[in-house]
Amino acid sequence: MSANGAPDLLRLKGIDTYYGEIHILENLNLNVREGELVSLLGGNASGKSTTLKTILGLVQPRNGSVEFRGEEVTGRNTSYRIRQGMAIVPENRRLFGPMTVLENLEMGAYLIRDTKGRKEDFDRVYTLFPLLHERRSQLAGTLSGGEQQMVAMGRALMARPKLLLMDEPSMGLAPILVERSFEIIQQVHQSGVAMLVVEQNANMALSIADRGYVLSTGRLVLQGPANELLQHEDLRKAYLGR
Amino acid sequence: MEQPPDTPRIGVDEWVASVEGKRERYTGPRGAVLKRWERLPPAARVLVFATPAAVFPFLTSGGNLFRYGLFTLVYALLALGLNIVVGFAGLLDLGYVAFFGCGAYMYAILASPQFGNHWQAEAAIPVVVVFTAVVGLLVGLPSRRLLGDYLAILTLFFGQAFVVFVNNANRISFPFVGHADLTGGANGIANIDPFNFFGYRIDSTRKQYYLLLIAVALVLILLMFVNESRTGRAWRALREDPLAAEVMSIPVNRLKLLAFVFGAAVAGLTGAIYGTIATAALPGDYDVGLLITVYAIMILGGFGSIMGIVVGAMIVNNIPKLLHSSANARPLFYGTILLAILVKLRPWRLLAAELGGLVAFGFAIHGIASAAYPRLVDGESIGSGVSARALDHWMLFPKNPVKIADVAYILLVAAIVVYPQLSRVWRAVLLPPLLYLVMFVWENLLLVHIGGATRLILLGAMLVALMNIRPQGLFGTATVEIA
Amino acid sequence: MNWSLFFDLTVSGLTLGSLYALIALGYSLVYGILKLLNFAHGDVYMIGAFLGWYALHALGGPVNPTFTGAVVLFLMFVVAMLGCGVLGVAIERFAYRPLRNAPRIAPLISALGVSIFLQNSALLIFGAAFRDYDTFDLIGVKTYNIGQLFFSVPQLLTVVAAIGLMVALTLFVARSRLGKAMRSTSFDREAASMMGIDVDRVISVTFFIGSALAGAAGVMFALVFGQIYHFMGFIAGLKGFTAAVLGGIGSIPGAMVGGLIVGLAESYATGYLPQGSTFQNLYVFALLILVILIRPSGLFGKAAISKV
């Protein structure tokens, strides 16, 4: 599972991001190698979501660069980055409530124009989540939390991502579903998709990750292999002390 | 556990505590001036404006006092009232000038030959203010359940309904009373009495000026107290985030309504005063043009900024008045454009090149036109004097400019929309022709209609531009939204 | 009861209603996607009427048209719709897009600025006088009847074309890729952009469609009523908005039904209520207040305004 030595898929260099006049991310450096699963940990308002938004181009950094697949994409819009192979499962899933499950999955494949491959994509998603096939004509807003999580994952996978970003996949789910969710993350990861998982649930996130970063008020304070982080004194006190 | 002071701690939610440290600050002379200003007590701030205003009547003629002084104060008073509704409470009230009209008509009904009433001011003013406040209450009541946007359109419609009503209320038959000419229809109500306080008549421009000054000062002081009070804080909270305000158990609806009614009352008072100045209440005085003017003042001054509004009133009232003569209009217009270019264009060499390019471009165009299309240069510029005649040798002045100027105007609007989308090089290359086009349209079209459409076109463009550059207004403070 | 009056009022109500519905659709589409009241929408409608007039006169005028009446009419609609569509896109790009993250009131004021700018630009260029379409010269004075309802040609054209445009729009939003992108963008703009949808483009398309519909409505109005002037967009915009609120702002079928209700209400008020022809606008205003008091989310609206 380790991907040491693989080339970088994503690299953030010296990122400074502001909201208005407030400095959110300070000199952030981070990378994800091909086929790797990386966790980004941190408390409330530590800048995790901003990091993801910066990666996707939803927020423009004032300084620093974002590179994806060896290409600098800092000035590119979100649409371009997604076409290059990023996809995201957003925080709180953010499904299109008044649209059907099928339409939601279609939106995930919005930028994929070849319709021949489309069917295989659907098959792949329906194999992973058979329930979605059953519910395909139901409105997404009427599904339960766990089902919505599946739609969100399926929707992201429809984009055929090289790098899948996950924003708090455990948020708002019952413990049993959290576990199931992380199983699926692992499954998707094993199919060769690199992942950056943003989590508050450090224990769970590090247990499946190759490496981890810890963010606090916009600064990286710890980084290293996941198993080392799991042993780290400060981190245990802050997050794992239950 | 001991932590070195400089490293951030893990897992501690210190974000809120550290926000101040992460905020950028203004520095330099601007910051120093702002700091000094913030430290002044409210009374001193009022004095900074009141002293020159009080001396003004002794320095100028009656006509100028009427044109510049009275109208500035009327606008300032109106904008102060609007500021409560929009600036403090964040409600977009687009029927605001109708309350102003209500005040003028109500006072006219109480003190003019229309019904033969000639009330004393000390009785009429409270009645007018209460009446407009009640109207405000009635219009504001539906807003209690509304999204802000609905209120905007509802009040816009109300403003229109008011104009329709006063235009036609001379023909309504009332039950019991029968036919009554309530508003004089399209002719309005004329010969309104001056204010008569216990026999003291406010009947000269100078007296009216001081009355207005006192009214502005009173409303200003009142607002400053309100601003510092619990209600003021709640209003501001409401504007920033209605939902959060509600969660903090601020009675949102009641406060909204209060702000709305308060604003209406100030407008009503201003209307009564305006009625005595104009000595007539006319249905055409309370239209969208006035609404835009008052909004422009409030926005220039900055939402919620009380002193900014007085400055805004001075700018918005007086600049268009100065624009009325082409001798003033030209330097003002070109000065503004030059200033914008001076601020925007760096370095100096580029600036010099652009201006040189503009001059050369003008001579080239003029040369080509006089050789090939003499019809484009057979007219001359408005006004007399050396500069106007010099302009004739550089700018195109067709004798019959109507059609070509219309086309040029449309072209100019299109060019201004497209220009910011261009790359830097193209922008630099195309700036001189664009400026020449601006000047052509200005000289041949806008300057011709300076008393009519031009003023509102410039105001409309200014609103859009200002929202683009500084949405919080010139003197307002930015609100930072943390996503 | 005077039935022939009733039927006449019904026909003119249906015609007006179709116009208001087309205007309301523009409000609804834009509100659905940006949560913005586009105050300039009524003025776009006015510009559409003038563009149609210029097209008519560029094509030889109503008395001696270059082509047959039907072709001229078609070209008038094309010019007005394309012109207004482009104008709408430009307005969004210039006046609203830079303000996406500004305080909520900023784009509203910007919209007000655009509205006043357009109105007075029209005054500057077209002048304060009324312009005539001289419809009768162009398409004759024939009437058609459906039962007791007698339609003039422009009235019939308005109702039929409005229904056609609305059906086309409904299908477009429900079925097409771009239509789905519009729906997802209006529900959650950021999530839509996370799917790779170019949100800016979707918003531009929305403005184009809404403004083109307003342009079509402007030409229809001019064909039915003959005269156009620079201030005509203000009241029409208010009524279009009333229709949108009545139907539930953000809902397409709502805009259509709302438009018809406002049109019929205005027409019946003119005919039956005291001094209706003077105070018809006040009666529509009263209707708006009534709706807002009784059912602020409108006939087809959900509690949360979300659907296109």
# chains A, B, ... in the order shown; residues from 1 in each chain; ligands from 1
>>> select_by_dssp(residues="region 73-220 of chain A", states="strand (DSSP E or B)", output="list in words")
Met86, Ala87, Ile88, Val89, Thr100, Leu139, Leu163, Leu164, Leu165, Met166, Asp167, Ala194, Met195, Leu196, Val197, Val198, Glu199, Arg211, Gly212, Tyr213, Val214, Leu215, Ser216, Arg219 and Leu220 of chain A
>>> interface_residues(of="chain C", to="chain A", cutoff="9 Å", atoms="only C-alpha atoms", output="ChimeraX atom specification")
/C:177,180-181,183-185,187-188,190-199,306-307
>>> write_last_selection(atoms="N, CA, C and O atoms", output="PDB file, in the first residue's frame")
ATOM      1  N   ARG C 177     -28.082  18.878 -20.992  1.00  0.00           N
ATOM      2  CA  ARG C 177     -26.930  18.860 -20.101  1.00  0.00           C
ATOM      3  C   ARG C 177     -26.770  20.229 -19.432  1.00  0.00           C
ATOM      4  O   ARG C 177     -26.597  20.333 -18.220  1.00  0.00           O
ATOM      5  N   LYS C 180     -29.471  20.874 -16.882  1.00  0.00           N
ATOM      6  CA  LYS C 180     -29.198  20.213 -15.604  1.00  0.00           C
ATOM      7  C   LYS C 180     -28.116  20.971 -14.839  1.00  0.00           C
ATOM      8  O   LYS C 180     -28.172  21.093 -13.615  1.00  0.00           O
ATOM      9  N   ALA C 181     -27.127  21.458 -15.591  1.00  0.00           N
ATOM     10  CA  ALA C 181     -26.083  22.255 -14.939  1.00  0.00           C
ATOM     11  C   ALA C 181     -26.701  23.491 -14.293  1.00  0.00           C
ATOM     12  O   ALA C 181     -26.329  23.892 -13.188  1.00  0.00           O
ATOM     13  N   ARG C 183     -29.779  23.730 -13.144  1.00  0.00           N
ATOM     14  CA  ARG C 183     -30.505  23.327 -11.935  1.00  0.00           C
ATOM     15  C   ARG C 183     -29.549  23.073 -10.777  1.00  0.00           C
ATOM     16  O   ARG C 183     -29.776  23.506  -9.650  1.00  0.00           O
ATOM     17  N   SER C 184     -28.444  22.354 -11.072  1.00  0.00           N
ATOM     18  CA  SER C 184     -27.528  22.057  -9.970  1.00  0.00           C
ATOM     19  C   SER C 184     -26.859  23.334  -9.467  1.00  0.00           C
ATOM     20  O   SER C 184     -26.657  23.508  -8.266  1.00  0.00           O
ATOM     21  N   THR C 185     -26.541  24.240 -10.385  1.00  0.00           N
ATOM     22  CA  THR C 185     -25.913  25.498  -9.958  1.00  0.00           C
ATOM     23  C   THR C 185     -26.862  26.307  -9.081  1.00  0.00           C
ATOM     24  O   THR C 185     -26.448  26.913  -8.100  1.00  0.00           O
ATOM     25  N   PHE C 187     -29.149  25.154  -7.194  1.00  0.00           N
ATOM     26  CA  PHE C 187     -29.339  24.528  -5.884  1.00  0.00           C
ATOM     27  C   PHE C 187     -28.118  24.748  -4.996  1.00  0.00           C
ATOM     28  O   PHE C 187     -28.259  25.055  -3.817  1.00  0.00           O
ATOM     29  N   ASP C 188     -26.931  24.589  -5.558  1.00  0.00           N
ATOM     30  CA  ASP C 188     -25.713  24.723  -4.752  1.00  0.00           C
ATOM     31  C   ASP C 188     -24.560  25.077  -5.678  1.00  0.00           C
ATOM     32  O   ASP C 188     -23.978  24.211  -6.325  1.00  0.00           O
ATOM     33  N   GLU C 190     -21.488  26.188  -5.251  1.00  0.00           N
ATOM     34  CA  GLU C 190     -20.130  25.697  -5.018  1.00  0.00           C
ATOM     35  C   GLU C 190     -20.020  24.213  -5.337  1.00  0.00           C
ATOM     36  O   GLU C 190     -19.066  23.770  -5.970  1.00  0.00           O
ATOM     37  N   ALA C 191     -21.044  23.448  -4.928  1.00  0.00           N
ATOM     38  CA  ALA C 191     -21.023  22.022  -5.230  1.00  0.00           C
ATOM     39  C   ALA C 191     -21.013  21.815  -6.738  1.00  0.00           C
ATOM     40  O   ALA C 191     -20.334  20.919  -7.242  1.00  0.00           O
ATOM     41  N   ALA C 192     -21.752  22.642  -7.464  1.00  0.00           N
ATOM     42  CA  ALA C 192     -21.773  22.515  -8.920  1.00  0.00           C
ATOM     43  C   ALA C 192     -20.383  22.750  -9.489  1.00  0.00           C
ATOM     44  O   ALA C 192     -19.926  22.013 -10.360  1.00  0.00           O
ATOM     45  N   SER C 193     -19.696  23.759  -8.970  1.00  0.00           N
ATOM     46  CA  SER C 193     -18.360  24.000  -9.506  1.00  0.00           C
ATOM     47  C   SER C 193     -17.418  22.874  -9.109  1.00  0.00           C
ATOM     48  O   SER C 193     -16.457  22.583  -9.805  1.00  0.00           O
ATOM     49  N   MET C 194     -17.705  22.204  -7.988  1.00  0.00           N
ATOM     50  CA  MET C 194     -16.885  21.055  -7.601  1.00  0.00           C
ATOM     51  C   MET C 194     -17.061  19.885  -8.568  1.00  0.00           C
ATOM     52  O   MET C 194     -16.243  18.972  -8.604  1.00  0.00           O
ATOM     53  N   MET C 195     -18.160  19.896  -9.327  1.00  0.00           N
ATOM     54  CA  MET C 195     -18.366  18.858 -10.332  1.00  0.00           C
ATOM     55  C   MET C 195     -17.674  19.206 -11.639  1.00  0.00           C
ATOM     56  O   MET C 195     -17.770  18.481 -12.617  1.00  0.00           O
ATOM     57  N   GLY C 196     -17.013  20.368 -11.671  1.00  0.00           N
ATOM     58  CA  GLY C 196     -16.369  20.786 -12.897  1.00  0.00           C
ATOM     59  C   GLY C 196     -17.256  21.639 -13.769  1.00  0.00           C
ATOM     60  O   GLY C 196     -16.875  22.016 -14.875  1.00  0.00           O
ATOM     61  N   ILE C 197     -18.470  21.928 -13.300  1.00  0.00           N
ATOM     62  CA  ILE C 197     -19.347  22.814 -14.064  1.00  0.00           C
ATOM     63  C   ILE C 197     -18.765  24.221 -14.030  1.00  0.00           C
ATOM     64  O   ILE C 197     -18.414  24.725 -12.964  1.00  0.00           O
ATOM     65  N   ASP C 198     -18.637  24.812 -15.203  1.00  0.00           N
ATOM     66  CA  ASP C 198     -18.135  26.175 -15.265  1.00  0.00           C
ATOM     67  C   ASP C 198     -19.280  27.113 -14.876  1.00  0.00           C
ATOM     68  O   ASP C 198     -20.100  27.495 -15.703  1.00  0.00           O
ATOM     69  N   VAL C 199     -19.325  27.427 -13.593  1.00  0.00           N
ATOM     70  CA  VAL C 199     -20.478  28.145 -13.053  1.00  0.00           C
ATOM     71  C   VAL C 199     -20.667  29.505 -13.725  1.00  0.00           C
ATOM     72  O   VAL C 199     -21.786  29.919 -14.014  1.00  0.00           O
ATOM     73  N   SER C 306     -35.478  27.533  -3.847  1.00  0.00           N
ATOM     74  CA  SER C 306     -34.296  26.816  -4.288  1.00  0.00           C
ATOM     75  C   SER C 306     -34.378  26.358  -5.735  1.00  0.00           C
ATOM     76  O   SER C 306     -33.401  26.377  -6.447  1.00  0.00           O
ATOM     77  N   LYS C 307     -35.562  25.960  -6.170  1.00  0.00           N
ATOM     78  CA  LYS C 307     -35.615  25.338  -7.497  1.00  0.00           C
ATOM     79  C   LYS C 307     -35.643  26.389  -8.600  1.00  0.00           C
ATOM     80  O   LYS C 307     -36.199  27.457  -8.447  1.00  0.00           O
TER      81      LYS C 307
END
>>> atom_distance(atom1="CA of Val129 (chain B)", atom2="CA of Leu287 (chain C)")
28.2 Å
>>> select_by_dssp(residues="region 3-236 of chain A", states="helix (DSSP H, G or I)", output="count of residues only")
91
>>> closest_atom_pairs(of="chain A", to="chain B", cutoff="7 Å", atoms="only C-alpha atoms", output="tab-separated table")
residue	atom	partner	partner_atom	distance
A:Tyr19	CA	B:Ile482	CA	6.7
A:Gly20	CA	B:Val480	CA	6.0
A:Glu21	CA	B:Glu24	CA	5.5
A:Ile22	CA	B:Arg23	CA	4.8
A:His23	CA	B:Lys22	CA	5.3
A:Gly42	CA	B:Gly11	CA	6.9
A:Gly43	CA	B:Gly11	CA	5.7
A:Asn44	CA	B:Asp13	CA	6.8
A:Ala45	CA	B:Trp15	CA	6.9
A:Ser216	CA	B:Ile10	CA	6.0
A:Thr217	CA	B:Trp15	CA	5.9
A:Ala238	CA	B:Gly11	CA	5.0
A:Tyr239	CA	B:Gly11	CA	6.9
>>> interface_residues(of="chain B", to="chain C", cutoff="8 Å", atoms="only C-alpha atoms", output="CSV table (one decimal) with C-alpha atoms, in the first residue's frame")
chain,number,residue,atom,x,y,z
B,90,GLY,CA,-29.9,46.4,6.1
B,92,LEU,CA,-33.5,47.8,1.0
B,142,PRO,CA,-45.8,42.9,5.4
B,145,ARG,CA,-42.4,37.9,7.2
B,146,LEU,CA,-40.3,38.7,4.2
B,149,ASP,CA,-35.5,41.1,-1.5
B,153,ILE,CA,-39.7,45.2,-4.7
B,154,LEU,CA,-42.7,45.8,-2.5
B,157,PHE,CA,-44.0,49.2,-6.1
B,158,PHE,CA,-45.2,51.3,-3.2
B,161,ALA,CA,-48.3,53.5,-6.3
B,164,VAL,CA,-50.1,57.1,-9.3
B,165,PHE,CA,-52.2,58.0,-6.3
B,168,ASN,CA,-55.1,61.0,-9.6
B,292,ILE,CA,-31.3,57.1,-7.0
B,406,ASP,CA,-25.9,57.9,-30.7
B,417,VAL,CA,-17.9,46.3,-21.1
B,449,HIS,CA,-28.0,66.8,-22.4
B,453,ALA,CA,-30.5,62.3,-18.9
B,454,THR,CA,-26.8,62.8,-18.4
B,456,LEU,CA,-28.8,60.1,-14.0
B,457,ILE,CA,-26.7,58.2,-16.5
B,458,LEU,CA,-23.6,59.3,-14.6
B,459,LEU,CA,-25.2,58.5,-11.2
B,460,GLY,CA,-26.2,55.1,-12.4
B,461,ALA,CA,-22.8,54.4,-13.8
B,462,MET,CA,-21.3,55.7,-10.5
B,463,LEU,CA,-23.4,53.3,-8.4
B,464,VAL,CA,-22.3,50.3,-10.5
B,465,ALA,CA,-18.6,51.4,-10.5
B,467,MET,CA,-20.2,48.8,-5.9
B,468,ASN,CA,-17.4,47.2,-8.0
B,471,PRO,CA,-19.1,47.9,-2.0
B,472,GLN,CA,-19.1,49.3,1.5
>>> residues_around(residues="Phe260 (chain B)", least_positions_apart="2", cutoff="9 Å", atoms="only C-alpha atoms", output="ChimeraX atom specification")
/B:82,84-86,89,91,93,133,136-137,139-140,255-258,262-265
>>> atom_distance(atom1="CA of Val429 (chain B)", atom2="CA of Glu354 (chain B)")
8.2 Å
>>> residues_around(residues="region 218-235 of chain A", least_positions_apart="2", cutoff="6 Å", atoms="only C-alpha atoms", output="PyMOL selection string")
chain A and resi 24-26+46-47+206+209-216+237-239
>>> write_last_selection(atoms="all heavy atoms", output="compact mmCIF listing (two decimals), in the first residue's frame")
# COMPACT_ATOMS: atom_id res chain seq x y z
N ILE A 24 -5.54 33.06 6.27
CA ILE A 24 -6.07 31.75 6.67
C ILE A 24 -4.98 30.68 6.62
O ILE A 24 -4.69 30.04 7.62
CB ILE A 24 -7.23 31.33 5.75
CG1 ILE A 24 -8.33 32.39 5.78
CG2 ILE A 24 -7.76 29.98 6.21
CD1 ILE A 24 -9.10 32.46 7.06
N LEU A 25 -4.38 30.50 5.46
CA LEU A 25 -3.31 29.50 5.36
C LEU A 25 -1.97 30.23 5.30
O LEU A 25 -1.82 31.18 4.54
CB LEU A 25 -3.49 28.66 4.09
CG LEU A 25 -4.74 27.79 4.02
CD1 LEU A 25 -4.78 27.07 2.69
CD2 LEU A 25 -4.77 26.81 5.17
N GLU A 26 -1.04 29.75 6.10
CA GLU A 26 0.26 30.43 6.13
C GLU A 26 1.34 29.48 5.66
O GLU A 26 1.61 28.47 6.29
CB GLU A 26 0.55 30.93 7.56
CG GLU A 26 -0.46 31.97 8.01
CD GLU A 26 -0.20 32.45 9.43
OE1 GLU A 26 0.98 32.59 9.80
OE2 GLU A 26 -1.18 32.65 10.16
N SER A 46 -9.27 25.16 11.35
CA SER A 46 -7.81 25.12 11.29
C SER A 46 -7.33 25.36 9.87
O SER A 46 -6.14 25.49 9.63
CB SER A 46 -7.31 23.77 11.79
OG SER A 46 -7.86 22.74 11.01
N GLY A 47 -8.25 25.41 8.91
CA GLY A 47 -7.86 25.68 7.53
C GLY A 47 -7.92 24.47 6.62
O GLY A 47 -7.46 24.53 5.49
N LEU A 206 -5.99 8.15 10.27
CA LEU A 206 -4.60 7.71 10.22
C LEU A 206 -4.50 6.20 10.06
O LEU A 206 -3.52 5.69 9.51
CB LEU A 206 -3.86 8.17 11.48
CG LEU A 206 -3.55 9.67 11.51
CD1 LEU A 206 -2.93 10.06 12.85
CD2 LEU A 206 -2.61 10.05 10.37
N ALA A 209 -4.32 5.57 6.44
CA ALA A 209 -3.50 6.44 5.59
C ALA A 209 -2.07 5.96 5.48
O ALA A 209 -1.59 5.18 6.31
CB ALA A 209 -3.52 7.86 6.14
N ASP A 210 -1.39 6.42 4.43
CA ASP A 210 0.05 6.21 4.33
C ASP A 210 0.78 7.27 5.13
O ASP A 210 1.70 6.99 5.87
CB ASP A 210 0.50 6.31 2.86
CG ASP A 210 -0.14 5.23 2.02
OD1 ASP A 210 -0.18 4.08 2.47
OD2 ASP A 210 -0.63 5.56 0.91
N ARG A 211 0.38 8.52 4.91
CA ARG A 211 1.02 9.63 5.60
C ARG A 211 -0.04 10.58 6.14
O ARG A 211 -1.21 10.48 5.76
CB ARG A 211 1.93 10.41 4.63
CG ARG A 211 3.22 9.70 4.29
CD ARG A 211 4.15 10.59 3.50
NE ARG A 211 3.53 11.07 2.28
CZ ARG A 211 3.43 12.36 1.97
NH1 ARG A 211 3.91 13.28 2.79
NH2 ARG A 211 2.85 12.74 0.85
N GLY A 212 0.39 11.46 7.01
CA GLY A 212 -0.55 12.43 7.55
C GLY A 212 0.07 13.79 7.75
O GLY A 212 1.29 13.93 7.85
N TYR A 213 -0.79 14.82 7.72
CA TYR A 213 -0.38 16.20 8.04
C TYR A 213 -1.32 16.69 9.13
O TYR A 213 -2.50 16.34 9.16
CB TYR A 213 -0.54 17.12 6.84
CG TYR A 213 0.42 16.86 5.70
CD1 TYR A 213 0.09 15.96 4.70
CD2 TYR A 213 1.62 17.55 5.64
CE1 TYR A 213 0.96 15.74 3.64
CE2 TYR A 213 2.49 17.34 4.57
CZ TYR A 213 2.16 16.43 3.57
OH TYR A 213 3.01 16.23 2.53
N VAL A 214 -0.81 17.53 10.02
CA VAL A 214 -1.66 18.12 11.04
C VAL A 214 -1.62 19.65 10.89
O VAL A 214 -0.55 20.25 10.84
CB VAL A 214 -1.23 17.74 12.46
CG1 VAL A 214 -2.14 18.40 13.49
CG2 VAL A 214 -1.25 16.23 12.62
N LEU A 215 -2.79 20.23 10.79
CA LEU A 215 -2.94 21.65 10.54
C LEU A 215 -3.51 22.30 11.79
O LEU A 215 -4.42 21.77 12.41
CB LEU A 215 -3.91 21.82 9.37
CG LEU A 215 -3.89 23.07 8.50
CD1 LEU A 215 -2.52 23.33 7.95
CD2 LEU A 215 -4.88 22.88 7.36
N SER A 216 -2.94 23.46 12.18
CA SER A 216 -3.51 24.18 13.31
C SER A 216 -3.48 25.67 13.01
O SER A 216 -2.42 26.21 12.69
CB SER A 216 -2.69 23.88 14.57
OG SER A 216 -3.15 24.70 15.62
N LYS A 237 -2.70 13.51 22.75
CA LYS A 237 -3.37 14.34 23.76
C LYS A 237 -4.52 15.12 23.15
O LYS A 237 -5.60 15.22 23.71
CB LYS A 237 -2.36 15.32 24.36
CG LYS A 237 -1.55 14.71 25.48
CD LYS A 237 -1.12 15.79 26.44
CE LYS A 237 -0.37 15.17 27.60
NZ LYS A 237 0.96 15.72 27.75
N ALA A 238 -4.23 15.69 21.98
CA ALA A 238 -5.21 16.60 21.40
C ALA A 238 -6.40 15.87 20.81
O ALA A 238 -7.54 16.31 20.94
CB ALA A 238 -4.54 17.46 20.33
N TYR A 239 -6.15 14.79 20.11
CA TYR A 239 -7.25 14.18 19.35
C TYR A 239 -7.62 12.78 19.80
O TYR A 239 -8.74 12.34 19.60
CB TYR A 239 -6.85 14.06 17.88
CG TYR A 239 -6.68 15.36 17.20
CD1 TYR A 239 -5.47 15.74 16.68
CD2 TYR A 239 -7.77 16.23 17.06
CE1 TYR A 239 -5.31 16.95 16.04
CE2 TYR A 239 -7.62 17.44 16.42
CZ TYR A 239 -6.39 17.79 15.92
OH TYR A 239 -6.23 18.98 15.29
>>> atom_distance(atom1="CA of Leu173 (chain A)", atom2="CA of Asn92 (chain A)")
9.7 Å
>>> residues_around(residues="Met81 (chain C)", least_positions_apart="2", cutoff="6 Å", atoms="only C-alpha atoms", output="list in words")
Phe77, Val78, Val79, Gly83, Cys84, Gly85, Ala212, Gly215 and Ala216 of chain C
>>> closest_residue(among="C:Ile209, C:Val160, C:Ala217, C:Ala80", to="Leu51 (chain C)", atoms="only C-alpha atoms")
C:Ala80
>>> residues_around(residues="Gly233 (chain C)", least_positions_apart="4", cutoff="10 Å", atoms="only C-alpha atoms", output="VMD selection string")
chain C and resid 40 to 49 115 118 to 119 214 218 228 to 229 237 to 240
>>> residues_around(residues="Asn63 (chain A)", least_positions_apart="4", cutoff="9 Å", atoms="only C-alpha atoms", output="list in words")
Lys13, Gly14, Ile15, Asp16, Thr17 and Asn27 of chain A
